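**Q** Input work.txt, format and content: compact mmCIF, C-alpha atoms and all ligand atoms.
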# COMPACT_ATOMS: atom_id res chain seq x y z
CA MET A 1 189.83 84.77 117.83
CA LEU A 2 190.53 86.54 121.09
CA ASP A 3 193.76 88.38 121.83
CA VAL A 4 194.89 89.99 125.03
CA GLU A 5 197.77 92.40 125.18
CA ASN A 6 199.61 93.38 128.36
CA LEU A 7 196.47 92.53 130.28
CA GLY A 8 196.58 93.23 133.99
CA ILE A 9 194.47 93.95 137.04
CA ARG A 10 195.39 94.96 140.56
CA PHE A 11 193.36 94.50 143.70
CA GLY A 12 194.96 96.97 146.08
CA GLY A 13 198.62 95.97 146.16
CA LEU A 14 198.01 92.55 144.59
CA HIS A 15 198.65 92.02 140.88
CA ALA A 16 196.12 89.21 140.32
CA VAL A 17 196.88 89.25 136.58
CA ARG A 18 199.99 90.96 135.31
CA ASP A 19 201.07 91.86 131.80
CA VAL A 20 199.57 88.87 130.00
CA THR A 21 199.86 88.81 126.21
CA ALA A 22 198.25 85.74 124.66
CA SER A 23 195.76 84.47 122.09
CA ILE A 24 192.86 82.06 122.02
CA PRO A 25 192.90 80.55 118.51
CA ALA A 26 189.65 80.01 116.60
CA GLY A 27 188.26 76.49 116.27
CA GLN A 28 190.42 75.08 119.06
CA ILE A 29 190.25 74.21 122.75
CA THR A 30 192.46 76.40 124.92
CA ALA A 31 193.00 75.51 128.57
CA ILE A 32 194.14 78.01 131.17
CA ILE A 33 195.95 76.26 133.99
CA GLY A 34 198.12 77.13 136.96
CA PRO A 35 198.43 76.47 140.69
CA ASN A 36 195.84 77.76 143.17
CA GLY A 37 195.59 81.52 143.21
CA ALA A 38 197.49 81.83 139.90
CA GLY A 39 194.90 84.25 138.52
CA LYS A 40 192.93 81.91 136.25
CA SER A 41 189.44 82.96 137.35
CA THR A 42 190.48 86.60 137.34
CA PHE A 43 191.79 86.19 133.77
CA PHE A 44 188.40 84.71 132.80
CA ASN A 45 186.60 87.59 134.45
CA LEU A 46 188.74 90.01 132.47
CA ILE A 47 188.16 88.44 129.07
CA SER A 48 184.41 88.06 129.65
CA GLY A 49 183.97 91.69 130.70
CA PHE A 50 183.17 90.98 134.37
CA TYR A 51 186.26 92.90 135.46
CA ARG A 52 187.73 96.03 133.91
CA PRO A 53 191.48 95.64 133.48
CA THR A 54 193.88 98.07 135.11
CA THR A 55 196.19 97.75 132.09
CA GLY A 56 196.13 96.32 128.58
CA ALA A 57 193.51 95.38 126.04
CA VAL A 58 191.13 92.56 125.06
CA ARG A 59 190.33 92.12 121.37
CA PHE A 60 187.73 89.75 119.99
CA GLN A 61 187.85 89.15 116.26
CA GLY A 62 189.85 92.33 115.95
CA GLU A 63 187.35 94.48 117.88
CA ASP A 64 188.41 96.17 121.10
CA LEU A 65 186.24 94.86 123.94
CA THR A 66 188.32 96.24 126.79
CA ARG A 67 185.78 98.74 128.11
CA ARG A 68 182.59 96.98 127.01
CA PRO A 69 180.02 95.92 129.59
CA THR A 70 179.34 92.19 129.87
CA HIS A 71 176.06 92.17 127.93
CA GLU A 72 177.83 93.78 124.97
CA VAL A 73 180.60 91.21 125.17
CA VAL A 74 177.96 88.44 125.15
CA ALA A 75 176.13 90.06 122.24
CA ARG A 76 179.37 90.00 120.22
CA GLY A 77 179.71 86.26 120.72
CA VAL A 78 181.56 85.51 123.97
CA ALA A 79 179.62 83.51 126.58
CA ARG A 80 180.74 81.90 129.80
CA THR A 81 179.72 79.43 132.45
CA PHE A 82 180.53 79.85 136.13
CA GLN A 83 182.55 77.80 138.60
CA THR A 84 179.63 77.45 140.97
CA THR A 85 176.39 76.37 139.40
CA THR A 86 174.27 79.37 138.55
CA ILE A 87 171.23 77.61 137.14
CA TYR A 88 167.72 78.23 138.47
CA ARG A 89 166.89 74.92 140.13
CA GLU A 90 163.13 75.51 140.41
CA LEU A 91 162.71 76.54 136.78
CA SER A 92 162.51 74.00 133.99
CA VAL A 93 165.54 73.07 131.93
CA LEU A 94 163.92 74.88 128.98
CA GLU A 95 163.25 78.05 131.00
CA ASN A 96 166.88 78.11 132.11
CA ALA A 97 168.07 77.90 128.52
CA MET A 98 165.56 80.61 127.53
CA ILE A 99 167.09 82.96 130.08
CA GLY A 100 170.43 82.42 128.33
CA HIS A 101 168.83 83.29 125.00
CA ARG A 102 167.09 86.48 126.15
CA VAL A 103 170.34 88.44 126.09
CA ARG A 104 170.07 88.36 122.30
CA THR A 105 166.49 89.56 122.06
CA ARG A 106 165.54 93.20 121.73
CA ALA A 107 162.22 93.42 123.54
CA GLY A 108 162.45 95.42 126.75
CA LEU A 109 160.49 95.26 129.98
CA LEU A 110 157.68 97.41 128.58
CA ASP A 111 157.28 95.08 125.59
CA ALA A 112 157.12 92.14 127.98
CA LEU A 113 154.48 93.79 130.19
CA LEU A 114 152.32 94.91 127.28
CA ARG A 115 152.80 91.63 125.38
CA THR A 116 153.65 93.57 122.25
CA PRO A 117 154.12 91.73 118.93
CA ARG A 118 157.86 92.19 119.33
CA GLU A 119 157.73 90.51 122.75
CA ARG A 120 155.71 87.60 121.37
CA ARG A 121 158.15 87.21 118.48
CA ASP A 122 161.10 87.34 120.86
CA ALA A 123 159.51 84.85 123.27
CA GLN A 124 159.05 82.39 120.41
CA GLY A 125 162.60 83.06 119.25
CA SER A 126 163.92 82.43 122.76
CA ARG A 127 162.07 79.14 122.94
CA ASP A 128 163.47 78.03 119.58
CA GLY A 129 166.97 79.21 120.48
CA ALA A 130 166.78 77.49 123.86
CA LEU A 131 165.66 74.23 122.26
CA ARG A 132 168.56 74.40 119.79
CA ALA A 133 170.95 74.83 122.73
CA LEU A 134 169.37 71.92 124.63
CA GLU A 135 169.75 69.76 121.55
CA ARG A 136 173.46 70.53 121.40
CA VAL A 137 173.95 69.38 125.02
CA GLY A 138 171.61 66.38 124.73
CA LEU A 139 168.87 67.64 127.06
CA VAL A 140 165.82 68.02 124.80
CA ARG A 141 163.99 65.13 126.47
CA GLN A 142 164.53 66.69 129.90
CA ALA A 143 163.36 70.15 128.75
CA HIS A 144 160.30 70.24 131.02
CA LEU A 145 161.91 68.83 134.17
CA PRO A 146 162.92 71.19 136.96
CA ALA A 147 166.64 71.81 136.47
CA GLY A 148 167.26 70.89 140.14
CA ALA A 149 165.99 67.36 139.48
CA LEU A 150 168.88 66.59 137.13
CA THR A 151 172.13 64.89 138.12
CA GLN A 152 175.25 66.97 138.77
CA GLU A 153 176.33 66.29 135.19
CA GLY A 154 172.89 67.21 133.85
CA GLN A 155 172.96 70.49 135.76
CA LYS A 156 176.38 71.27 134.30
CA ARG A 157 174.88 70.68 130.85
CA VAL A 158 172.06 73.11 131.67
CA GLY A 159 174.71 75.72 132.57
CA ILE A 160 176.44 75.09 129.23
CA ALA A 161 173.09 75.28 127.39
CA MET A 162 172.41 78.67 129.02
CA ALA A 163 175.69 79.93 127.63
CA LEU A 164 175.12 78.30 124.21
CA ALA A 165 171.65 79.82 123.96
CA SER A 166 173.26 83.23 123.46
CA GLU A 167 174.74 81.71 120.28
CA PRO A 168 178.37 82.44 121.11
CA LYS A 169 181.39 82.02 118.87
CA LEU A 170 183.65 81.63 121.90
CA LEU A 171 182.52 79.63 124.92
CA LEU A 172 184.37 80.10 128.21
CA LEU A 173 184.00 77.25 130.71
CA ASP A 174 185.05 77.88 134.31
CA GLU A 175 186.02 74.53 135.91
CA PRO A 176 183.46 72.51 133.95
CA ALA A 177 184.48 69.19 135.53
CA ALA A 178 184.42 70.34 139.17
CA GLY A 179 182.46 67.87 141.29
CA MET A 180 182.19 65.31 138.49
CA ASN A 181 183.19 61.66 138.72
CA PRO A 182 185.52 60.13 136.10
CA GLU A 183 182.67 58.80 133.94
CA GLU A 184 180.88 62.16 133.94
CA THR A 185 184.19 63.84 133.12
CA VAL A 186 184.64 61.61 130.07
CA ASN A 187 181.09 62.45 128.91
CA LEU A 188 181.79 66.13 129.35
CA MET A 189 184.98 65.87 127.29
CA ALA A 190 183.00 64.23 124.49
CA LEU A 191 180.44 67.03 124.63
CA ILE A 192 183.12 69.72 124.43
CA ARG A 193 184.75 67.94 121.47
CA ASP A 194 181.37 67.76 119.70
CA LEU A 195 180.79 71.48 120.23
CA VAL A 196 184.19 72.31 118.78
CA ALA A 197 183.63 69.94 115.84
CA GLY A 198 180.44 71.96 115.22
CA GLY A 199 182.48 75.16 114.81
CA LEU A 200 182.64 76.59 118.34
CA THR A 201 185.84 77.87 119.94
CA VAL A 202 186.30 76.88 123.61
CA ALA A 203 188.52 78.16 126.39
CA LEU A 204 188.41 76.61 129.83
CA VAL A 205 189.88 76.88 133.30
CA GLU A 206 190.26 73.43 134.80
CA HIS A 207 192.17 71.71 137.60
CA LYS A 208 191.70 68.16 136.36
CA MET A 209 194.86 67.50 134.40
CA SER A 210 193.45 64.37 132.75
CA LEU A 211 190.78 66.53 131.15
CA VAL A 212 193.20 69.31 130.21
CA MET A 213 195.82 66.99 128.73
CA GLY A 214 193.24 64.87 126.91
CA LEU A 215 191.27 67.76 125.50
CA ALA A 216 193.28 70.94 125.01
CA ASP A 217 194.95 71.88 121.73
CA HIS A 218 196.62 74.84 123.36
CA ILE A 219 197.48 75.59 127.00
CA LEU A 220 198.23 78.89 128.73
CA VAL A 221 199.97 78.52 132.09
CA LEU A 222 199.57 81.27 134.68
CA HIS A 223 201.58 81.60 137.87
CA HIS A 224 201.36 84.53 140.28
CA GLY A 225 199.23 86.29 137.66
CA GLN A 226 201.82 86.01 134.90
CA LEU A 227 201.92 83.87 131.77
CA ILE A 228 204.87 81.54 132.36
CA ALA A 229 204.37 79.16 129.42
CA GLN A 230 202.11 78.30 126.51
CA GLY A 231 201.98 75.52 123.96
CA THR A 232 200.60 72.06 123.34
CA PRO A 233 199.93 69.70 126.29
CA ALA A 234 203.17 67.85 125.49
CA GLN A 235 205.17 71.09 125.42
CA VAL A 236 203.87 72.58 128.67
CA SER A 237 203.94 69.33 130.63
CA ARG A 238 207.70 69.05 130.14
CA ASP A 239 208.45 72.74 130.56
CA PRO A 240 210.79 73.11 133.58
CA THR A 241 209.23 76.47 134.57
CA VAL A 242 205.77 74.88 134.69
CA ILE A 243 206.98 71.85 136.65
CA GLU A 244 208.72 74.12 139.13
CA ALA A 245 205.62 76.32 139.55
CA TYR A 246 203.47 73.30 140.39
CA LEU A 247 206.14 71.75 142.64
CA GLY A 248 206.53 75.02 144.53
CA SER A 249 202.80 75.29 144.89
CA HIS A 250 202.61 71.68 146.14
CA ALA A 251 205.21 72.42 148.80
CA HIS A 252 202.85 75.15 150.02
CA GLY A 253 199.69 73.05 149.93
CA GLY A 254 198.94 73.50 146.22
CA GLN A 255 197.60 71.02 143.71
CA MET A 256 200.59 69.43 142.05
CA GLY A 257 199.14 66.03 142.95
CA GLN A 258 196.49 66.66 140.36
CA GLY A 259 199.09 67.59 137.79
CA ALA A 260 201.21 64.53 138.43
CA GLN A 261 198.50 61.93 138.89
CA GLY A 262 195.81 62.93 136.48
CA GLY A 263 193.54 64.93 138.74
CA GLU A 264 190.77 62.62 139.84
CA ALA A 265 192.56 61.21 142.89
CA ALA A 266 192.94 64.61 144.44
CA HIS A 267 189.30 65.42 143.74
CA ALA A 268 187.90 62.17 145.12
N1 LIG B 301 187.78 90.50 143.63
C1 LIG B 301 188.97 90.30 144.22
N2 LIG B 301 189.46 91.15 145.15
C2 LIG B 301 190.65 90.97 145.74
N3 LIG B 301 191.49 89.95 145.43
C3 LIG B 301 191.07 89.07 144.50
C4 LIG B 301 189.80 89.18 143.85
N4 LIG B 301 189.68 88.16 142.97
C5 LIG B 301 190.79 87.43 143.09
N5 LIG B 301 191.64 87.97 144.00
C6 LIG B 301 192.98 87.47 144.34
O1 LIG B 301 193.70 87.34 143.12
C7 LIG B 301 194.52 86.17 143.15
C8 LIG B 301 194.16 85.28 141.98
O2 LIG B 301 192.87 84.68 142.25
P1 LIG B 301 192.09 83.76 141.20
O3 LIG B 301 190.82 83.36 141.86
O4 LIG B 301 192.02 84.44 139.90
O5 LIG B 301 193.06 82.52 141.08
P2 LIG B 301 192.78 81.09 140.46
O6 LIG B 301 194.00 80.73 139.69
O7 LIG B 301 191.49 81.08 139.73
O8 LIG B 301 192.68 80.21 141.76
P3 LIG B 301 191.94 78.80 142.05
O9 LIG B 301 192.70 77.77 141.28
O10 LIG B 301 192.13 78.64 143.53
O11 LIG B 301 190.51 78.95 141.64
C9 LIG B 301 194.30 85.52 144.51
O12 LIG B 301 195.35 85.94 145.36
C10 LIG B 301 192.97 86.08 144.96
O13 LIG B 301 192.89 86.12 146.36
Please, can you express the file's structure as structure tokens?
Ligand SMILES: Nc1ncnc2c1ncn2[C@@H]1O[C@H](COP(=O)(O)OP(=O)(O)OP(=O)(O)O)[C@@H](O)[C@H]1O
**A**
Amino acid sequence: MLDVENLGIRFGGLHAVRDVTASIPAGQITAIIGPNGAGKSTFFNLISGFYRPTTGAVRFQGEDLTRRPTHEVVARGVARTFQTTTIYRELSVLENAMIGHRVRTRAGLLDALLRTPRERRDAQGSRDGALRALERVGLVRQAHLPAGALTQEGQKRVGIAMALASEPKLLLLDEPAAGMNPEETVNLMALIRDLVAGGLTVALVEHKMSLVMGLADHILVLHHGQLIAQGTPAQVSRDPTVIEAYLGSHAHGGQMGQGAQGGEAAHA
């Protein structure tokens, strides 16, 4: 569904992502893992159009998205959530989801100010689209609550609904389980599985190895900005290069503990 070829970006002298060639297959869950500072978030920012690569190309369903601005990437069917919660806590759950939907509507500011027929049509469409997204994440009954009143897990669902409201084909989740307890993590895994069963393709960056190993069909492993391995959870977890990368990172204060022990302990 999404292919990157020789993708790279430099920040000054630092190659945050270097020469990565990889694919995110349709209808599957792809996890991007690697020790701290491996370039995972930067890779996400590259494929979602937040960063312009220094080298290489990003193709989505065969179309070159390399130089497209983010809103065009979203309009073509790639949506993302963020590591830190970016929901509007004072707005209702429904209003948050409607904001996610508005990227697909055509009415501009003038239409909104003049309340033109197009604006009214789009507003109704946003409401319907937002409700569909809330249904997919199980939040219809909370639609009129302020988003900030929801639990941590509920707020994560709002963030996912915002992304789903743009009706993506590919959903990118940046550390979806961060800050969640084990029970919430299990619920989140079930939600992601449901979304994929409904036809969505998902790629995620995640530190919790229990989630990655229990959920991913396909794993890309980054280290120092480079792709050092890819394959099924079973394949990458016994790959000597991957084990060495995590061990080396642990020796320097990295997060191998999460890799070896399943993740939650180190997050507790
Ligand atoms: N905008 C930026 N400007 C300069 N350097 C950056 C920028 N973004 C990331 N970096 C650097 O690029 C490298 C990769 O960072 P990135 O955040 O992508 O890693 P990560 O694998 O997501 O890390 P973590 O697991 O800690 O979230 C790091 O050395 C980081 O300091």
**Q** Nearest residue to ligand LIG 301 (chain B) out of A:Met180, A:Leu204, A:Met98, A:Val196, using all atoms listed in the file?
**A**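 The shortest atom-to-atom distance to ligand LIG 301 (chain B) comes from A:Leu204.
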**Q** Please return, as an MDAnalysis selection string, all polymer residues that have at least one atom within 10 Å of the point (183.9, 82.1, 119.6); use all atoms listed in the file and the file's own coordinate frame.
**A** chainID A and resid 1:2 24:28 60:61 76:79 167:172 196 199:203
**Q** Quick one: of A:Ala190, A:Ala143, A:Ala216, A:Leu134, who's nearest to A:Ala163, counting all atoms listed in the file?
**A**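 Residue with the minimum atom-to-atom distance to A:Ala163: A:Leu134.
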**Q** Quick one: which chain A residues come within 10 Å of ligand LIG 301 (chain B), and what is the nearest atom pair for each with the distance in Å to one decimal, counting only C-alpha atoms and all ligand atoms, rows ordered by chain and ascending number, as JSON lines?
**A**
{"residue": "A:Ile9", "atom": "CA", "partner": "B:LIG301", "partner_atom": "O1", "distance": 9.0}
{"residue": "A:Arg10", "atom": "CA", "partner": "B:LIG301", "partner_atom": "N3", "distance": 8.0}
{"residue": "A:Phe11", "atom": "CA", "partner": "B:LIG301", "partner_atom": "C2", "distance": 4.9}
{"residue": "A:Gly12", "atom": "CA", "partner": "B:LIG301", "partner_atom": "C2", "distance": 7.4}
{"residue": "A:Gly13", "atom": "CA", "partner": "B:LIG301", "partner_atom": "N3", "distance": 9.4}
{"residue": "A:Leu14", "atom": "CA", "partner": "B:LIG301", "partner_atom": "O1", "distance": 6.9}
{"residue": "A:His15", "atom": "CA", "partner": "B:LIG301", "partner_atom": "O1", "distance": 7.2}
{"residue": "A:Ala16", "atom": "CA", "partner": "B:LIG301", "partner_atom": "O1", "distance": 4.1}
{"residue": "A:Val17", "atom": "CA", "partner": "B:LIG301", "partner_atom": "C8", "distance": 7.2}
{"residue": "A:Ile32", "atom": "CA", "partner": "B:LIG301", "partner_atom": "O6", "distance": 8.9}
{"residue": "A:Ile33", "atom": "CA", "partner": "B:LIG301", "partner_atom": "O6", "distance": 7.5}
{"residue": "A:Gly34", "atom": "CA", "partner": "B:LIG301", "partner_atom": "O6", "distance": 6.1}
{"residue": "A:Pro35", "atom": "CA", "partner": "B:LIG301", "partner_atom": "O9", "distance": 5.9}
{"residue": "A:Asn36", "atom": "CA", "partner": "B:LIG301", "partner_atom": "O9", "distance": 3.7}
{"residue": "A:Gly37", "atom": "CA", "partner": "B:LIG301", "partner_atom": "O5", "distance": 3.5}
{"residue": "A:Ala38", "atom": "CA", "partner": "B:LIG301", "partner_atom": "O6", "distance": 3.7}
{"residue": "A:Gly39", "atom": "CA", "partner": "B:LIG301", "partner_atom": "O4", "distance": 3.2}
{"residue": "A:Lys40", "atom": "CA", "partner": "B:LIG301", "partner_atom": "O6", "distance": 3.8}
{"residue": "A:Ser41", "atom": "CA", "partner": "B:LIG301", "partner_atom": "O7", "distance": 3.7}
{"residue": "A:Thr42", "atom": "CA", "partner": "B:LIG301", "partner_atom": "O4", "distance": 3.7}
{"residue": "A:Phe43", "atom": "CA", "partner": "B:LIG301", "partner_atom": "O4", "distance": 6.4}
{"residue": "A:Phe44", "atom": "CA", "partner": "B:LIG301", "partner_atom": "O4", "distance": 8.0}
{"residue": "A:Asn45", "atom": "CA", "partner": "B:LIG301", "partner_atom": "O4", "distance": 8.3}
{"residue": "A:Leu46", "atom": "CA", "partner": "B:LIG301", "partner_atom": "O4", "distance": 9.8}
{"residue": "A:Tyr51", "atom": "CA", "partner": "B:LIG301", "partner_atom": "N1", "distance": 8.6}
{"residue": "A:Gln83", "atom": "CA", "partner": "B:LIG301", "partner_atom": "O11", "distance": 8.6}
{"residue": "A:Asp174", "atom": "CA", "partner": "B:LIG301", "partner_atom": "O7", "distance": 9.0}
{"residue": "A:Glu175", "atom": "CA", "partner": "B:LIG301", "partner_atom": "O11", "distance": 8.5}
{"residue": "A:Val205", "atom": "CA", "partner": "B:LIG301", "partner_atom": "O7", "distance": 7.8}
{"residue": "A:Glu206", "atom": "CA", "partner": "B:LIG301", "partner_atom": "O9", "distance": 8.2}
{"residue": "A:His207", "atom": "CA", "partner": "B:LIG301", "partner_atom": "O9", "distance": 7.1}
{"residue": "A:Val221", "atom": "CA", "partner": "B:LIG301", "partner_atom": "O6", "distance": 9.9}
{"residue": "A:Leu222", "atom": "CA", "partner": "B:LIG301", "partner_atom": "O6", "distance": 7.5}
{"residue": "A:His223", "atom": "CA", "partner": "B:LIG301", "partner_atom": "O6", "distance": 7.8}
{"residue": "A:His224", "atom": "CA", "partner": "B:LIG301", "partner_atom": "C8", "distance": 7.4}
{"residue": "A:Gly225", "atom": "CA", "partner": "B:LIG301", "partner_atom": "C8", "distance": 6.7}
{"residue": "A:Gly254", "atom": "CA", "partner": "B:LIG301", "partner_atom": "O10", "distance": 8.9}
{"residue": "A:Gln255", "atom": "CA", "partner": "B:LIG301", "partner_atom": "O9", "distance": 8.7}
**Q** Only C-alpha atoms, please: the residues just picked out, written as a compact mmCIF listing (two decimals), in the frame of the given file.
**A**
# COMPACT_ATOMS: atom_id res chain seq x y z
CA ILE A 9 194.47 93.95 137.04
CA ARG A 10 195.39 94.96 140.56
CA PHE A 11 193.36 94.50 143.70
CA GLY A 12 194.96 96.97 146.08
CA GLY A 13 198.62 95.97 146.16
CA LEU A 14 198.01 92.55 144.59
CA HIS A 15 198.65 92.02 140.88
CA ALA A 16 196.12 89.21 140.32
CA VAL A 17 196.88 89.25 136.58
CA ILE A 32 194.14 78.01 131.17
CA ILE A 33 195.95 76.26 133.99
CA GLY A 34 198.12 77.13 136.96
CA PRO A 35 198.43 76.47 140.69
CA ASN A 36 195.84 77.76 143.17
CA GLY A 37 195.59 81.52 143.21
CA ALA A 38 197.49 81.83 139.90
CA GLY A 39 194.90 84.25 138.52
CA LYS A 40 192.93 81.91 136.25
CA SER A 41 189.44 82.96 137.35
CA THR A 42 190.48 86.60 137.34
CA PHE A 43 191.79 86.19 133.77
CA PHE A 44 188.40 84.71 132.80
CA ASN A 45 186.60 87.59 134.45
CA LEU A 46 188.74 90.01 132.47
CA TYR A 51 186.26 92.90 135.46
CA GLN A 83 182.55 77.80 138.60
CA ASP A 174 185.05 77.88 134.31
CA GLU A 175 186.02 74.53 135.91
CA VAL A 205 189.88 76.88 133.30
CA GLU A 206 190.26 73.43 134.80
CA HIS A 207 192.17 71.71 137.60
CA VAL A 221 199.97 78.52 132.09
CA LEU A 222 199.57 81.27 134.68
CA HIS A 223 201.58 81.60 137.87
CA HIS A 224 201.36 84.53 140.28
CA GLY A 225 199.23 86.29 137.66
CA GLY A 254 198.94 73.50 146.22
CA GLN A 255 197.60 71.02 143.71
**Q** Could you tell me which of A:Ala234, A:Leu7, A:Leu91, A:Met162 comes closest to A:Met213 if we count only C-alpha atoms?
**A**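 Distance minimum relative to A:Met213 lands on A:Ala234.
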**Q** What is the atom CA of A:Val212 to atom CA of A:Thr30 distance in Å?
**A** 8.9 Å
**Q** Quick one: pull the distance between atom CA of A:Phe50 and atom CA of A:Val4, Å, one decimal.
**A** 15.0 Å
**Q** Please determine, counting all atoms listed in the file, which residue among A:Leu247, A:Ala178, A:Ala75, A:Ala133 has the shortest atom-to-atom distance to A:Val158.
**A**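 Nearest candidate to A:Val158 out of A:Leu247, A:Ala178, A:Ala75, A:Ala133: A:Ala133.
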**Q** Nearest residue to A:Ile160 out of A:Val137, A:Leu145, A:Ala229, A:Ala177, using all atoms listed in the file?
**A**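 When distances to A:Ile160 are compared using all atoms listed in the file, the smallest one comes from A:Val137.
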**Q** Quick one: everything within 9 Å of A:Arg89, counting only C-alpha atoms, minus sequence neighbours fewer than 6 positions away in the same chain. Send it as a tab-separated table (two decimals) with C-alpha atoms, keeping the file's coordinate frame.
**A**
chain	number	residue	atom	x	y	z
A	96	ASN	CA	166.88	78.11	132.11
A	146	PRO	CA	162.92	71.19	136.96
A	147	ALA	CA	166.64	71.81	136.47
A	148	GLY	CA	167.26	70.89	140.14
A	149	ALA	CA	165.99	67.36	139.48
A	155	GLN	CA	172.96	70.49	135.76
**Q** So the first atom is atom CA of A:Ala130 and the second is atom CA of A:Pro182; what is the distance between them in Å, to one decimal place?
**A**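 Answer for the atom CA of A:Ala130 to atom CA of A:Pro182 separation: 28.3 Å.
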**Q** Taking into account all atoms listed in the file, which residue in the set A:Leu150, A:Ala197, A:Ala22, A:Leu211 is nearest to A:Pro176?
**A**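 Among the listed residues, A:Leu211 lies closest to A:Pro176.
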